[in-house]
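Undergrad: Just so it is clear, I am handing over data_12.txt, which has compact mmCIF, C-alpha atoms.
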# COMPACT_ATOMS: atom_id res chain seq x y z
CA MET A 910 0.00 0.00 0.00
CA LYS A 911 1.21 3.53 -0.78
CA PRO A 912 1.52 5.98 2.16
CA VAL A 913 -1.45 8.03 0.98
CA GLN A 914 -3.60 4.90 0.71
CA ILE A 915 -2.62 3.86 4.24
CA LEU A 916 -3.38 7.35 5.52
CA SER A 917 -6.73 7.38 3.76
CA THR A 918 -7.68 4.03 5.25
CA LEU A 919 -6.79 5.20 8.74
CA LEU A 920 -8.70 8.43 8.26
CA LEU A 921 -11.79 6.61 7.08
CA ALA A 922 -11.67 4.58 10.27
CA VAL A 923 -11.35 7.73 12.36
CA VAL A 924 -14.05 9.74 10.64
CA GLY A 925 -16.50 6.88 10.81
CA CYS A 926 -17.09 7.78 14.46
CA ALA A 927 -18.22 11.24 13.35
CA ALA A 928 -21.33 9.81 11.69
CA GLU A 929 -23.55 10.80 14.61
CA THR A 930 -22.17 14.32 14.93
CA ASN A 931 -24.99 15.83 12.88
CA SER A 932 -27.78 13.48 13.96
CA VAL A 933 -30.12 16.26 15.09
CA THR A 934 -29.41 18.32 11.99
CA ALA A 935 -29.93 15.29 9.75
CA GLU A 936 -33.47 14.88 11.05
CA LYS A 937 -34.31 18.45 10.06
CA TYR A 938 -32.46 18.36 6.73
CA PRO A 939 -33.25 15.12 4.84
CA GLY A 940 -30.35 14.10 2.66
CA LEU A 941 -27.72 15.64 4.92
CA ALA A 942 -26.51 12.26 6.15
CA LYS A 943 -25.92 11.09 2.57
CA VAL A 944 -23.87 14.17 1.73
CA MET A 945 -21.85 13.79 4.93
CA ALA A 946 -21.20 10.15 4.07
CA HIS A 947 -20.05 11.21 0.60
CA ILE A 948 -17.70 13.80 2.12
CA ARG A 949 -16.23 11.31 4.59
CA THR A 950 -15.44 9.04 1.65
CA ALA A 951 -14.35 11.76 -0.77
CA PHE A 952 -12.00 13.81 1.40
CA PRO A 953 -9.45 11.00 1.80
CA GLN A 954 -9.53 10.53 -1.99
CA THR A 955 -8.31 14.12 -2.44
CA ILE A 956 -5.11 13.53 -0.44
CA LYS A 957 -2.08 13.79 -2.73
CA GLU A 958 1.71 13.63 -2.37
CA GLN A 959 4.47 15.63 -4.04
CA LYS A 960 7.75 14.41 -2.56
CA ALA A 961 10.01 15.78 -5.30
CA ASP A 962 9.85 18.63 -7.80
CA ALA A 963 8.41 17.12 -10.98
CA ASP A 964 6.07 17.99 -13.85
CA GLY A 965 6.18 21.65 -12.84
CA ASN A 966 5.06 20.91 -9.29
CA ILE A 967 6.85 22.00 -6.10
CA ALA A 968 7.59 19.30 -3.56
CA VAL A 969 6.00 19.65 -0.11
CA PRO A 970 6.88 17.55 2.96
CA HIS A 971 3.44 16.14 3.80
CA PRO A 972 0.46 14.68 1.95
CA TYR A 973 -1.89 17.56 1.10
CA THR A 974 -5.56 17.93 0.29
CA ALA A 975 -6.33 18.95 -3.30
CA PRO A 976 -9.65 20.61 -4.15
CA CYS A 977 -10.72 17.76 -6.45
CA ALA A 978 -10.42 14.00 -6.16
CA LYS A 979 -9.32 13.64 -9.79
CA ASP A 980 -8.87 15.48 -13.09
CA THR A 981 -9.05 19.22 -12.28
CA PHE A 982 -7.22 21.09 -9.49
CA GLN A 983 -4.79 18.48 -8.21
CA ASN A 984 -2.39 20.86 -6.46
CA LEU A 985 -2.22 22.39 -3.01
CA PHE A 986 -4.06 25.71 -3.36
CA TYR A 987 -3.69 28.48 -0.81
CA TRP A 988 -7.05 29.90 0.15
CA ASP A 989 -8.99 26.77 -0.81
CA THR A 990 -7.10 25.00 1.97
CA CYS A 991 -8.41 27.32 4.67
CA PHE A 992 -12.00 26.27 4.01
CA MET A 993 -11.11 22.62 3.50
CA ASN A 994 -9.41 22.63 6.89
CA LEU A 995 -12.57 23.91 8.57
CA GLY A 996 -14.30 20.77 7.32
CA LEU A 997 -11.42 18.39 8.03
CA LEU A 998 -11.21 19.56 11.63
CA ARG A 999 -14.90 18.84 12.09
CA ILE A 1000 -15.03 15.32 10.64
CA GLY A 1001 -12.18 13.83 12.63
CA MET A 1002 -9.27 14.58 10.27
CA PRO A 1003 -7.17 17.08 12.29
CA ALA A 1004 -3.89 15.42 11.33
CA GLN A 1005 -4.60 16.08 7.65
CA ALA A 1006 -5.57 19.69 8.39
CA LYS A 1007 -2.22 20.10 10.14
CA HIS A 1008 -0.39 18.50 7.20
CA ASN A 1009 -2.04 21.03 4.87
CA THR A 1010 -1.04 23.90 7.12
CA ASP A 1011 2.51 22.64 7.52
CA ASP A 1012 2.86 22.37 3.75
CA LEU A 1013 1.75 25.98 3.33
CA LEU A 1014 4.17 27.06 6.05
CA PHE A 1015 6.90 25.18 4.19
CA LEU A 1016 6.10 27.08 0.98
CA ALA A 1017 6.10 30.38 2.84
CA ASP A 1018 9.53 29.57 4.30
CA LYS A 1019 10.87 28.46 0.94
CA LEU A 1020 9.57 31.35 -1.16
CA GLY A 1021 8.96 34.10 1.40
CA TYR A 1022 5.22 33.94 0.67
CA VAL A 1023 2.56 31.35 -0.10
CA PRO A 1024 2.01 31.06 -3.87
CA ASN A 1025 -1.31 30.49 -5.60
CA ALA A 1026 -0.50 26.76 -5.59
CA ASN A 1027 2.49 24.43 -5.40
CA ARG A 1028 3.26 24.81 -9.11
CA TRP A 1029 6.23 26.82 -10.31
CA ALA A 1030 4.03 28.48 -12.96
CA MET A 1031 1.81 29.81 -10.16
CA THR A 1032 4.58 31.36 -8.06
CA ASN A 1033 4.25 34.76 -9.75
CA ARG A 1034 1.26 35.53 -7.54
CA ALA A 1035 -0.08 34.61 -4.12
CA GLN A 1036 -3.66 34.21 -2.94
CA PRO A 1037 -5.68 35.75 -0.07
CA PRO A 1038 -3.50 35.70 3.10
CA LEU A 1039 -5.34 33.30 5.39
CA LEU A 1040 -2.41 31.30 6.77
CA ALA A 1041 -2.55 32.94 10.22
CA TRP A 1042 -6.21 31.91 10.45
CA MET A 1043 -5.25 28.32 9.60
CA VAL A 1044 -2.44 28.28 12.16
CA ARG A 1045 -4.87 29.58 14.79
CA GLU A 1046 -7.27 26.72 14.05
CA ILE A 1047 -4.51 24.12 14.31
CA PHE A 1048 -3.08 25.59 17.51
CA ALA A 1049 -6.56 25.57 19.07
CA GLU A 1050 -6.64 21.85 18.29
CA THR A 1051 -3.09 20.87 19.36
CA LYS A 1052 -2.04 23.50 21.97
CA ASP A 1053 1.51 22.82 20.73
CA ARG A 1054 3.50 25.92 21.74
CA GLU A 1055 6.74 24.66 20.21
CA TRP A 1056 5.01 24.22 16.85
CA LEU A 1057 3.42 27.66 17.23
CA GLN A 1058 6.84 29.21 17.83
CA GLY A 1059 8.08 28.01 14.44
CA ALA A 1060 4.81 28.84 12.69
CA TYR A 1061 4.86 32.36 14.14
CA ALA A 1062 8.27 33.08 12.61
CA THR A 1063 6.99 31.98 9.20
CA LEU A 1064 3.82 34.05 9.53
CA VAL A 1065 5.91 37.14 10.25
CA LYS A 1066 7.82 36.43 7.04
CA GLU A 1067 4.62 36.12 5.02
CA HIS A 1068 3.17 39.29 6.55
CA GLY A 1069 6.34 41.06 5.44
CA PHE A 1070 5.74 39.97 1.85
CA TRP A 1071 2.35 41.68 1.84
CA THR A 1072 3.49 44.88 3.53
CA GLU A 1073 6.70 45.19 1.49
CA ARG A 1074 5.65 43.97 -1.97
CA ARG A 1075 1.93 44.74 -2.04
CA MET A 1076 1.77 48.18 -0.36
CA THR A 1077 0.18 51.25 -2.00
CA PRO A 1078 0.63 55.00 -1.46
CA ALA A 1079 -2.76 54.98 0.27
CA GLY A 1080 -1.27 52.97 3.15
CA LEU A 1081 -3.38 49.89 2.43
CA ASN A 1082 -2.46 46.84 0.39
CA ARG A 1083 -3.26 45.62 -3.09
CA HIS A 1084 -3.00 42.43 -5.12
CA PHE A 1085 -0.31 42.30 -7.79
CA ASN A 1086 2.11 39.84 -9.45
CA SER A 1087 5.77 39.29 -10.32
CA ALA A 1088 5.28 37.87 -13.81
CA THR A 1089 7.77 38.53 -16.60
CA GLU A 1090 6.66 40.16 -19.84
CA LYS A 1091 6.84 36.77 -21.56
CA GLN A 1092 4.62 35.21 -18.88
CA LEU A 1093 2.16 38.09 -19.17
CA MET A 1094 1.91 37.71 -22.94
CA ASN A 1095 1.36 33.98 -22.56
CA PHE A 1096 -1.34 34.68 -19.98
CA TYR A 1097 -2.96 37.24 -22.28
CA ASN A 1098 -3.09 34.70 -25.10
CA TYR A 1099 -4.69 32.19 -22.75
CA LEU A 1100 -7.28 34.74 -21.59
CA ALA A 1101 -8.10 35.81 -25.15
CA LYS A 1102 -8.55 32.20 -26.25
CA ASP A 1103 -10.20 30.55 -23.26
CA ARG A 1104 -11.69 33.10 -20.84
CA PHE A 1105 -12.60 36.38 -22.58
CA LYS A 1106 -13.77 36.52 -26.16
CA GLY A 1107 -13.29 39.64 -28.27
CA LEU A 1108 -10.64 41.48 -26.27
CA PRO A 1109 -10.07 44.85 -28.00
CA TYR A 1110 -6.32 45.21 -27.45
CA THR A 1111 -4.03 45.33 -30.49
CA ASN A 1112 -0.62 46.56 -29.29
CA LYS A 1113 1.72 44.70 -26.98
CA ALA A 1114 1.83 47.33 -24.23
CA ASP A 1115 -1.96 47.25 -23.81
CA LYS A 1116 -1.99 43.47 -23.81
CA VAL A 1117 0.71 43.31 -21.15
CA ALA A 1118 -1.10 45.88 -19.00
CA PHE A 1119 -4.42 44.02 -19.28
CA SER A 1120 -2.70 40.73 -18.52
CA SER A 1121 -0.91 42.16 -15.48
CA HIS A 1122 -4.16 43.45 -13.99
CA SER A 1123 -5.82 40.11 -14.76
CA LEU A 1124 -3.03 38.09 -13.15
CA SER A 1125 -3.25 40.39 -10.13
CA GLU A 1126 -6.97 39.62 -10.06
CA GLY A 1127 -6.01 35.95 -10.07
CA GLU A 1128 -4.19 36.63 -6.81
CA THR A 1129 -7.46 37.81 -5.23
CA GLY A 1130 -8.90 34.31 -5.66
CA TRP A 1131 -11.86 36.01 -7.39
CA ASP A 1132 -10.75 35.28 -10.92
CA PHE A 1133 -12.59 37.01 -12.40
CA THR A 1134 -14.88 39.67 -10.95
CA PRO A 1135 -16.38 43.05 -11.95
CA ARG A 1136 -15.19 44.63 -8.68
CA PHE A 1137 -12.03 46.19 -10.12
CA ASP A 1138 -13.09 47.46 -13.56
CA ARG A 1139 -10.40 45.20 -15.11
CA ARG A 1140 -7.74 47.23 -13.21
CA CYS A 1141 -7.19 45.11 -10.14
CA GLY A 1142 -3.66 46.40 -9.51
CA ASP A 1143 -5.09 49.91 -9.02
CA PHE A 1144 -7.35 48.91 -6.11
CA CYS A 1145 -7.07 48.32 -2.37
CA PRO A 1146 -9.53 45.42 -1.94
CA VAL A 1147 -11.81 45.21 1.07
CA ASP A 1148 -11.28 41.50 1.71
CA LEU A 1149 -7.48 41.64 1.38
CA ASN A 1150 -7.10 44.43 3.91
CA ALA A 1151 -9.63 42.89 6.29
CA ASN A 1152 -7.69 39.62 6.05
CA LEU A 1153 -4.42 41.44 6.83
CA TYR A 1154 -6.05 43.15 9.83
CA LEU A 1155 -7.15 39.72 11.01
CA TYR A 1156 -3.61 38.47 10.36
CA GLU A 1157 -2.16 41.23 12.55
CA THR A 1158 -4.58 40.64 15.41
CA ILE A 1159 -3.86 36.90 15.32
CA LEU A 1160 -0.11 37.59 15.37
CA ALA A 1161 -0.70 39.83 18.39
CA ASP A 1162 -2.57 37.00 20.12
CA PHE A 1163 0.23 34.56 19.28
CA SER A 1164 2.81 37.04 20.59
CA LYS A 1165 0.93 37.14 23.88
CA VAL A 1166 0.88 33.34 24.11
CA LEU A 1167 4.58 33.14 23.27
CA ALA A 1168 5.46 36.12 25.49
CA ASN A 1169 7.88 37.39 22.84
CA GLY A 1170 7.34 41.09 23.47
CA ALA A 1171 5.82 41.82 20.03
CA GLU A 1172 2.14 41.99 20.99
CA ALA A 1173 1.91 45.77 21.32
CA GLY A 1174 3.56 46.31 17.95
CA TRP A 1175 1.08 44.06 16.19
CA ARG A 1176 -1.86 45.75 17.94
CA THR A 1177 -0.57 49.11 16.75
CA LYS A 1178 -0.25 47.88 13.17
CA ALA A 1179 -3.77 46.48 13.30
CA GLU A 1180 -5.22 49.72 14.66
CA GLN A 1181 -3.48 51.76 11.97
CA ARG A 1182 -4.90 49.48 9.30
CA LYS A 1183 -8.36 49.59 10.86
CA LYS A 1184 -8.32 53.39 10.77
CA LEU A 1185 -7.47 53.42 7.05
CA ILE A 1186 -10.05 50.73 6.28
CA GLN A 1187 -12.73 52.83 7.95
CA GLU A 1188 -11.58 55.94 6.10
CA LEU A 1189 -11.03 54.53 2.61
CA LEU A 1190 -13.10 51.35 2.35
CA TRP A 1191 -16.27 52.29 4.21
CA ASN A 1192 -18.63 53.77 1.60
CA ASP A 1193 -21.44 55.63 3.32
CA ALA A 1194 -23.06 56.53 0.00
CA VAL A 1195 -23.42 52.84 -0.89
CA GLY A 1196 -24.10 51.64 2.65
CA CYS A 1197 -21.33 49.06 2.97
CA TYR A 1198 -17.62 48.49 2.45
CA THR A 1199 -16.32 48.76 -1.12
CA ASP A 1200 -12.89 48.56 -2.75
CA TYR A 1201 -10.77 51.72 -3.11
CA ASP A 1202 -9.23 52.86 -6.40
CA PHE A 1203 -6.03 54.40 -5.01
CA VAL A 1204 -4.80 55.50 -8.45
CA ASN A 1205 -7.86 57.69 -9.06
CA LYS A 1206 -8.47 58.27 -5.33
CA LYS A 1207 -12.03 57.07 -5.67
CA LYS A 1208 -14.20 54.62 -3.77
CA GLY A 1209 -15.69 51.77 -5.77
CA ASP A 1210 -19.44 51.22 -6.00
CA VAL A 1211 -19.75 47.47 -6.61
CA VAL A 1212 -21.59 45.71 -3.79
CA SER A 1213 -20.16 42.25 -3.17
CA CYS A 1214 -19.66 39.65 -0.49
CA ALA A 1215 -16.27 41.26 0.15
CA ALA A 1216 -18.23 43.73 2.30
CA LEU A 1217 -18.65 40.97 4.89
CA PHE A 1218 -14.93 40.48 5.52
CA PRO A 1219 -14.61 43.52 7.83
CA LEU A 1220 -17.31 41.90 9.97
CA LEU A 1221 -15.44 38.60 9.94
CA ALA A 1222 -12.33 40.47 11.14
CA GLY A 1223 -14.17 42.53 13.77
CA ILE A 1224 -13.45 45.91 12.16
CA ALA A 1225 -16.99 47.25 11.64
CA THR A 1226 -18.85 49.25 14.26
CA PRO A 1227 -22.25 47.84 15.28
CA GLU A 1228 -23.92 50.54 13.18
CA GLN A 1229 -21.80 49.70 10.13
CA ALA A 1230 -22.47 45.99 10.59
CA GLU A 1231 -26.20 46.65 10.63
CA LYS A 1232 -25.93 48.60 7.36
CA VAL A 1233 -23.85 45.86 5.73
CA VAL A 1234 -26.41 43.23 6.70
CA LYS A 1235 -29.23 45.42 5.37
CA LYS A 1236 -27.38 45.82 2.07
CA MET A 1237 -26.64 42.08 1.94
CA LYS A 1238 -30.31 41.24 2.31
CA ALA A 1239 -31.36 43.83 -0.26
CA VAL A 1240 -28.99 43.09 -3.13
CA LEU A 1241 -26.97 39.90 -2.49
CA GLU A 1242 -29.28 37.37 -0.85
CA TYR A 1243 -31.47 35.04 -2.90
CA ASP A 1244 -33.49 31.92 -2.22
CA HIS A 1245 -30.41 29.68 -2.32
CA GLY A 1246 -27.69 31.84 -0.78
CA LEU A 1247 -25.54 34.89 -1.36
CA SER A 1248 -24.64 36.09 -4.84
CA THR A 1249 -20.97 36.98 -5.17
CA CYS A 1250 -21.78 40.48 -6.48
CA GLU A 1251 -24.92 42.51 -7.01
CA GLN A 1252 -26.80 42.02 -10.27
CA ARG A 1253 -25.55 44.48 -12.89
CA THR A 1254 -24.67 44.45 -16.59
CA TRP A 1255 -20.99 44.32 -17.50
CA PRO A 1256 -19.07 44.17 -20.80
CA PHE A 1257 -17.45 40.88 -19.70
CA THR A 1258 -18.87 37.72 -18.16
CA HIS A 1259 -17.36 36.99 -14.75
CA GLN A 1260 -17.75 33.82 -12.73
CA TRP A 1261 -17.20 35.67 -9.43
CA ASP A 1262 -20.42 37.59 -9.99
CA TYR A 1263 -24.20 37.25 -10.01
CA PRO A 1264 -25.83 34.70 -9.87
CA ASN A 1265 -22.99 32.48 -8.65
CA GLY A 1266 -22.72 31.55 -4.99
CA TRP A 1267 -19.22 30.41 -4.03
CA PRO A 1268 -18.86 28.18 -0.94
CA PRO A 1269 -16.08 30.17 0.81
CA LEU A 1270 -18.17 33.34 0.69
CA GLN A 1271 -21.14 31.57 2.30
CA CYS A 1272 -18.72 30.33 4.97
CA VAL A 1273 -17.33 33.83 5.60
CA ALA A 1274 -20.87 35.22 5.77
CA ILE A 1275 -21.96 32.73 8.42
CA GLN A 1276 -19.00 33.60 10.63
CA ALA A 1277 -19.23 37.35 10.00
CA LEU A 1278 -22.92 37.49 10.81
CA ASP A 1279 -22.53 35.34 13.90
CA ARG A 1280 -19.67 37.49 15.21
CA TYR A 1281 -21.89 40.58 15.26
CA GLY A 1282 -24.88 38.83 16.79
CA PHE A 1283 -26.92 38.41 13.59
CA LYS A 1284 -27.44 34.77 14.44
CA ASP A 1285 -30.80 34.38 12.69
CA ASP A 1286 -29.20 35.68 9.49
CA ALA A 1287 -26.18 33.41 9.91
CA ARG A 1288 -28.46 30.44 10.46
CA ARG A 1289 -30.50 31.31 7.39
CA ILE A 1290 -27.42 31.52 5.13
CA ALA A 1291 -26.09 28.24 6.54
CA GLU A 1292 -29.44 26.57 5.96
CA LYS A 1293 -29.70 27.82 2.37
CA TYR A 1294 -26.25 26.50 1.57
CA VAL A 1295 -26.87 23.11 3.16
CA ARG A 1296 -30.20 22.67 1.38
CA THR A 1297 -28.73 23.75 -1.98
CA VAL A 1298 -25.84 21.31 -1.75
CA ILE A 1299 -28.18 18.48 -0.69
CA ALA A 1300 -30.62 19.17 -3.53
CA ASN A 1301 -27.88 19.15 -6.15
CA TYR A 1302 -26.23 16.08 -4.67
CA GLU A 1303 -29.54 14.23 -4.96
CA LYS A 1304 -29.73 15.22 -8.64
CA THR A 1305 -26.09 14.67 -9.65
CA GLY A 1306 -24.53 12.41 -7.01
CA ASP A 1307 -21.72 14.89 -6.47
CA LEU A 1308 -20.60 18.24 -5.06
CA TRP A 1309 -19.73 21.20 -7.30
CA GLU A 1310 -17.38 24.16 -7.29
CA LYS A 1311 -20.21 26.72 -7.07
CA TYR A 1312 -23.99 27.02 -7.33
CA ASN A 1313 -26.61 29.32 -8.83
CA VAL A 1314 -28.20 31.06 -5.83
CA VAL A 1315 -31.21 32.23 -7.82
CA SER A 1316 -32.28 28.89 -9.31
CA GLY A 1317 -30.57 26.64 -6.76
CA THR A 1318 -28.99 24.60 -9.56
CA THR A 1319 -25.56 24.05 -11.10
CA GLU A 1320 -26.49 26.26 -14.07
CA VAL A 1321 -23.84 28.83 -13.24
CA VAL A 1322 -21.99 31.54 -15.14
CA ASP A 1323 -18.73 29.92 -16.18
CA GLU A 1324 -15.40 31.00 -17.61
CA TYR A 1325 -14.34 27.34 -17.81
CA LYS A 1326 -16.17 24.05 -17.44
CA MET A 1327 -17.18 23.81 -13.79
CA PRO A 1328 -15.55 20.85 -12.03
CA ARG A 1329 -17.02 18.42 -9.58
CA MET A 1330 -15.35 19.44 -6.34
CA VAL A 1331 -14.79 18.21 -2.81
CA GLY A 1332 -12.57 21.01 -1.49
CA TRP A 1333 -14.16 24.11 -0.08
CA THR A 1334 -17.61 22.89 -1.12
CA ALA A 1335 -17.32 20.02 1.34
CA GLY A 1336 -15.46 22.08 3.95
CA THR A 1337 -18.15 24.75 3.97
CA PHE A 1338 -20.91 22.13 4.01
CA VAL A 1339 -19.45 20.47 7.09
CA PHE A 1340 -18.93 23.86 8.74
CA ALA A 1341 -22.48 25.02 7.95
CA ALA A 1342 -24.02 21.75 9.12
CA ASP A 1343 -21.98 21.93 12.32
CA TYR A 1344 -23.16 25.52 12.85
CA LEU A 1345 -26.78 24.44 12.45
CA GLN A 1346 -26.23 21.45 14.72
CA ALA A 1347 -24.83 23.65 17.48
CA ASP A 1348 -27.85 25.92 17.16
CA LEU A 1349 -30.24 22.97 17.59
CA ARG A 1350 -28.59 21.55 20.70
Do you think you could lay out the structure here as structure tokens?
TA:
Amino acid sequence: MKPVQILSTLLLAVVGCAAETNSVTAEKYPGLAKVMAHIRTAFPQTIKEQKADADGNIAVPHPYTAPCAKDTFQNLFYWDTCFMNLGLLRIGMPAQAKHNTDDLLFLADKLGYVPNANRWAMTNRAQPPLLAWMVREIFAETKDREWLQGAYATLVKEHGFWTERRMTPAGLNRHFNSATEKQLMNFYNYLAKDRFKGLPYTNKADKVAFSSHSLSEGETGWDFTPRFDRRCGDFCPVDLNANLYLYETILADFSKVLANGAEAGWRTKAEQRKKLIQELLWNDAVGCYTDYDFVNKKKGDVVSCAALFPLLAGIATPEQAEKVVKKMKAVLEYDHGLSTCEQRTWPFTHQWDYPNGWPPLQCVAIQALDRYGFKDDARRIAEKYVRTVIANYEKTGDLWEKYNVVSGTTEVVDEYKMPRMVGWTAGTFVFAADYLQADLR
């Protein structure tokens, strides 16, 4: 037996005891038990190994969890892993969640940042900085201070990448890339052929500029979205800066645990960032947080689920949180969950837009709403997601990368053929079901 097969067998034995975890929830949500059984079988099938650099992949020390069991997305992806870990920790697979986190820490040590995925071709950009969140979840499980000491040093290194290589004159951070001109032209040709039809650019400089902004948008994880007017590198995104605030507060908490004398410094950094977020990213005219165009010194006007990240991080005042929730209900919430962005007409089709509901954004919403006491709203979003996943599993026998929150089907807006997915779809399902279970106890 190969190591991964042995590990999978052991994990199946461990997670079998979790079958009764959602017994109360299963009674209220018919079909939940079948989806949970599918996830307990499917997650071990997504465990991969990359012991040596080969086929363009970067070796990592531990078996990792890929988003898909086969075919598409077979690498270790950065922000996908955060939401997969939330599920793994709740179905009796904490060792695998720690392996995933250790692999990301390894990449951060090796490269100075966590790339999009463990492929050399994807090292010219990162993804949303959620590693501190993952380390916090693992430390809560293990209480291993020695491990935390090493992880803390790596997190400081990754934080430095964002503040040194992704800073703007506005004092907040942006997404960008380190691609060469050749890489950008290759990426442009890919976009023109496979993702966006009828691009109007004719000269090389315009193609390179469009490609650079698009690759920067790839770093957001929202590839692609109408939020940035096709100029992602010119914006300070709401979710990125909320994530970095969360990063800084977590590092402050870790500093306190480790008694290393750095807590006050991290609190100061977080407060400085919070002040700028409130000044530049809160949009009173729109009634929620929006991205900031630092080049044109102008606040964006696209309402999206990114507005919930400052609630997740604890930045919003109670009054701001109430306005965000009101806006969410008015323009983002549908019968089957939260649309990624408000419904508007754009010159391009974007998959991170209406009417698509992406699992990680439902997961963020549940936590953000709960943090500010909007528990009925959090419960409602969790319930919509669980019911949507169950309904589509009953029709197709599988989980999917995203769902249509208006129709409740898999008839989504695509830029590529949507894959069957375990990954964050399963992780968010387990998290949402666990949230509902806790509420019913």
Undergrad: For range 993-1009 of chain A, find every residue with an atom within 7 Å (counting all atoms listed in the file), except residues of its own chain fewer than 3 positions away, and show them as a list in words.
TA: Leu920, Val923, Val924, Ala927, His971, Pro972, Tyr973, Thr974, Asp989, Thr990, Asp1012, Leu1013, Ile1047, Gly1332, Trp1333, Ala1335, Gly1336, Thr1337, Val1339 and Phe1340 of chain A
Undergrad: If we count all atoms listed in the file and set the cut-off at 12 Å, which residues sit around range 1052-1062 of chain A, ignoring sequence neighbours fewer than 5 positions away in its own chain? Please answer as a PDB file with C-alpha atoms, in the coordinates of the input.
TA:
ATOM      1  CA  LYS A1007      -2.220  20.100  10.140  1.00  0.00           C
ATOM      2  CA  THR A1010      -1.040  23.900   7.120  1.00  0.00           C
ATOM      3  CA  ASP A1011       2.510  22.640   7.520  1.00  0.00           C
ATOM      4  CA  ASP A1012       2.860  22.370   3.750  1.00  0.00           C
ATOM      5  CA  LEU A1013       1.750  25.980   3.330  1.00  0.00           C
ATOM      6  CA  LEU A1014       4.170  27.060   6.050  1.00  0.00           C
ATOM      7  CA  PHE A1015       6.900  25.180   4.190  1.00  0.00           C
ATOM      8  CA  LEU A1016       6.100  27.080   0.980  1.00  0.00           C
ATOM      9  CA  ALA A1017       6.100  30.380   2.840  1.00  0.00           C
ATOM     10  CA  ASP A1018       9.530  29.570   4.300  1.00  0.00           C
ATOM     11  CA  GLY A1021       8.960  34.100   1.400  1.00  0.00           C
ATOM     12  CA  LEU A1040      -2.410  31.300   6.770  1.00  0.00           C
ATOM     13  CA  ALA A1041      -2.550  32.940  10.220  1.00  0.00           C
ATOM     14  CA  TRP A1042      -6.210  31.910  10.450  1.00  0.00           C
ATOM     15  CA  MET A1043      -5.250  28.320   9.600  1.00  0.00           C
ATOM     16  CA  VAL A1044      -2.440  28.280  12.160  1.00  0.00           C
ATOM     17  CA  ARG A1045      -4.870  29.580  14.790  1.00  0.00           C
ATOM     18  CA  GLU A1046      -7.270  26.720  14.050  1.00  0.00           C
ATOM     19  CA  ILE A1047      -4.510  24.120  14.310  1.00  0.00           C
ATOM     20  CA  GLU A1067       4.620  36.120   5.020  1.00  0.00           C
ATOM     21  CA  HIS A1068       3.170  39.290   6.550  1.00  0.00           C
ATOM     22  CA  GLY A1069       6.340  41.060   5.440  1.00  0.00           C
ATOM     23  CA  TYR A1156      -3.610  38.470  10.360  1.00  0.00           C
ATOM     24  CA  GLU A1157      -2.160  41.230  12.550  1.00  0.00           C
ATOM     25  CA  ILE A1159      -3.860  36.900  15.320  1.00  0.00           C
ATOM     26  CA  LEU A1160      -0.110  37.590  15.370  1.00  0.00           C
ATOM     27  CA  ALA A1161      -0.700  39.830  18.390  1.00  0.00           C
ATOM     28  CA  ASP A1162      -2.570  37.000  20.120  1.00  0.00           C
ATOM     29  CA  PHE A1163       0.230  34.560  19.280  1.00  0.00           C
ATOM     30  CA  SER A1164       2.810  37.040  20.590  1.00  0.00           C
ATOM     31  CA  LYS A1165       0.930  37.140  23.880  1.00  0.00           C
ATOM     32  CA  VAL A1166       0.880  33.340  24.110  1.00  0.00           C
ATOM     33  CA  LEU A1167       4.580  33.140  23.270  1.00  0.00           C
ATOM     34  CA  ALA A1168       5.460  36.120  25.490  1.00  0.00           C
ATOM     35  CA  ASN A1169       7.880  37.390  22.840  1.00  0.00           C
ATOM     36  CA  ALA A1171       5.820  41.820  20.030  1.00  0.00           C
TER      37      ALA A1171
END
Undergrad: How many Å separate CA of Leu1345 in chain A from CA of Arg1288 in chain A?
TA: 6.5 Å
Undergrad: Using all atoms listed in the file, which of the listed residues (A:His1122, A:Arg1329, A:Lys1019, A:Arg1136) sits closest to Ala951 in chain A?
TA: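 Smallest distance to Ala951 in chain A is found for A:Arg1329.
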Undergrad: Quick one: pull the distance between CA of Met1094 in chain A and CA of Val1117 in chain A, Å, one decimal.
TA: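 So the two atoms, CA of Met1094 in chain A and CA of Val1117 in chain A, lie 6.0 Å apart.
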Undergrad: Write out as a ChimeraX atom specification each polymer residue whose atoms come within 10 Å of Tyr1281 in chain A, counting all atoms listed in the file; drop sequence neighbours fewer than 3 positions from it.
TA: /A:1220-1221,1223,1225-1227,1230-1231,1276-1278,1284,1287
Undergrad: Return the single residue from A:Thr1158, A:Ser1316, A:Asn1205, A:Asn1265 that is closest to Ile1224 in chain A, with distances computed using all atoms listed in the file.
TA: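 Closest to Ile1224 in chain A, using all atoms listed in the file: A:Thr1158.
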Undergrad: Quick one: residues within 10 Å of Val1240 in chain A, only C-alpha atoms, excluding same-chain residues fewer than 5 positions away - as JSON, numbers by chain?
TA: {"A": [1212, 1213, 1235, 1247, 1248, 1250, 1251, 1252]}
Undergrad: Nearest to Ala1215 in chain A among A:Gly1174, A:Pro1146, A:Gly1127, A:Gly1266, with distances taken over all atoms listed in the file: which residue is it?
TA: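 With all atoms listed in the file as the atom set, the closest residue is A:Pro1146.
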Undergrad: So which one's closest to Tyr1302 in chain A, A:Thr1318, A:Phe1203, A:Lys1178, A:Leu1064? Using all atoms listed in the file, please.
TA: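 Closest to Tyr1302 in chain A, using all atoms listed in the file: A:Thr1318.
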Undergrad: Please list, as a PyMOL selection string, the residues that have an atom at most 12 Å away from (-4.9, 42.2, 3.0) in the coordinates of this file, counting all atoms listed in the file.
TA: chain A and resi 1035-1041+1067-1072+1074-1077+1080-1085+1128-1129+1144-1157+1179+1182-1183+1186+1200+1215+1218-1219+1222
